[in-house]
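Here's the structure we're looking at; comments come further down.
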Amino acid sequence: MAEFILKALVKAKGIDCQFYIESAAVSTEEIGSPIYPPAKRCLNQHGVWFDPDKRARQVTRADYDRFDRIICMDASNLRLIKRIIPEDPEGKIHLMMSYTGVGRDVADPWYTGDFETTFQDLLEGCEAMLLCR
């Protein structure tokens, strides 16, 4: 959801040509899977376009060189990404909600089923991140 929320925000601001935005997982569990249906429904409810052909892929060490920022949704993701990318000399790896000034995780709908709260966390985090660029 974060990928498509951020893409919608930069497009609305007319700055989408300045960004390359892509999401990836820290585990292998969902590789090749499409966007989770409840996430699709939530994005649709908010009028956020998403690529119906999007498939999950895993973060790679090469992503560190490809991207200016690597944003993790929660502390667990941060721990797991450090196994894939053990060093962060350029300070690229951040928690999403750190941009909002609060030190908490994005609400995880996998456990709660509450995709709306997750959407709102992501929207807040993405908006705050764009202010910090």
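Chain identifiers are assigned as A, B, and so on, following the order in which chains appear in the structure tokens; residues are numbered from 1 within each chain, and ligands are numbered from 1 in order of appearance.
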
For this session: Just the residues within 9 Å of Trp49 of chain A, please, counting only C-alpha atoms, with nothing from its chain fewer than 6 positions along; format it as a PyMOL selection string.
Result: chain A and resi 4-5+7-8+43

Next, write the just-selected residues to a file, as a PDB file, in the first residue's frame, keeping C-alpha atoms as the atom set.
ATOM      1  CA  PHE A   4       0.971   3.262  -4.297  1.00  0.00           C
ATOM      2  CA  ILE A   5       0.108   5.887  -1.684  1.00  0.00           C
ATOM      3  CA  LYS A   7       3.159   7.314  -5.980  1.00  0.00           C
ATOM      4  CA  ALA A   8      -0.259   8.992  -5.750  1.00  0.00           C
ATOM      5  CA  LEU A  43      -6.702   1.548  -1.899  1.00  0.00           C
TER       6      LEU A  43
END

Contacts of Phe67 of chain A within 10 Å, only C-alpha atoms, excl. fewer than 5 positions in-chain, as a PDB file with C-alpha atoms, in the first residue's frame:
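Ended up saving to selection08.pdb:
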ATOM      1  CA  PHE A  19      10.973   9.682  -8.035  1.00  0.00           C
ATOM      2  CA  TYR A  20      11.344   5.983  -8.645  1.00  0.00           C
ATOM      3  CA  ILE A  21       9.222   4.196  -6.064  1.00  0.00           C
ATOM      4  CA  GLU A  22       9.119   0.449  -5.576  1.00  0.00           C
ATOM      5  CA  ALA A  62      21.786  -4.285  -4.652  1.00  0.00           C
ATOM      6  CA  LYS A  92      19.351   5.389   3.807  1.00  0.00           C
TER       7      LYS A  92
END

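With distances restricted to only C-alpha atoms, A:Met1 is the closest residue to Lys40 of chain A from A:Leu9, A:Cys132, A:Val102, A:Met1.
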
Exercise. If you run DSSP on this backbone, which residues of segment 7-111 of chain A come out as strand (DSSP E or B), and could you give them as JSON, numbers by chain?
Worked result: {"A": [25, 34, 55, 58, 70, 71, 72, 93, 94, 95]}

For this session: Mind checking which residues fall within 10 Å of Asp68 of chain A, counting only C-alpha atoms, ignoring those fewer than 3 positions away in the same chain, and posting them as a ChimeraX atom specification?
Result: /A:19-20,63-65,71,90-93

Problem set entry | Residues of chain A in helix (DSSP H, G or I), written as a VMD selection string | chain A and resid 2 to 12 16 to 18 37 to 45 63 to 66 75 to 84 96 to 100 109 to 112 115 to 131

For this session: Point out the residue among A:Asn77, A:Met97, A:Pro52, A:Gly103 with the least atom-to-atom distance to Ala39 of chain A, counting only C-alpha atoms.
Result: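 Using only C-alpha atoms, Ala39 of chain A sits closest to A:Pro52.
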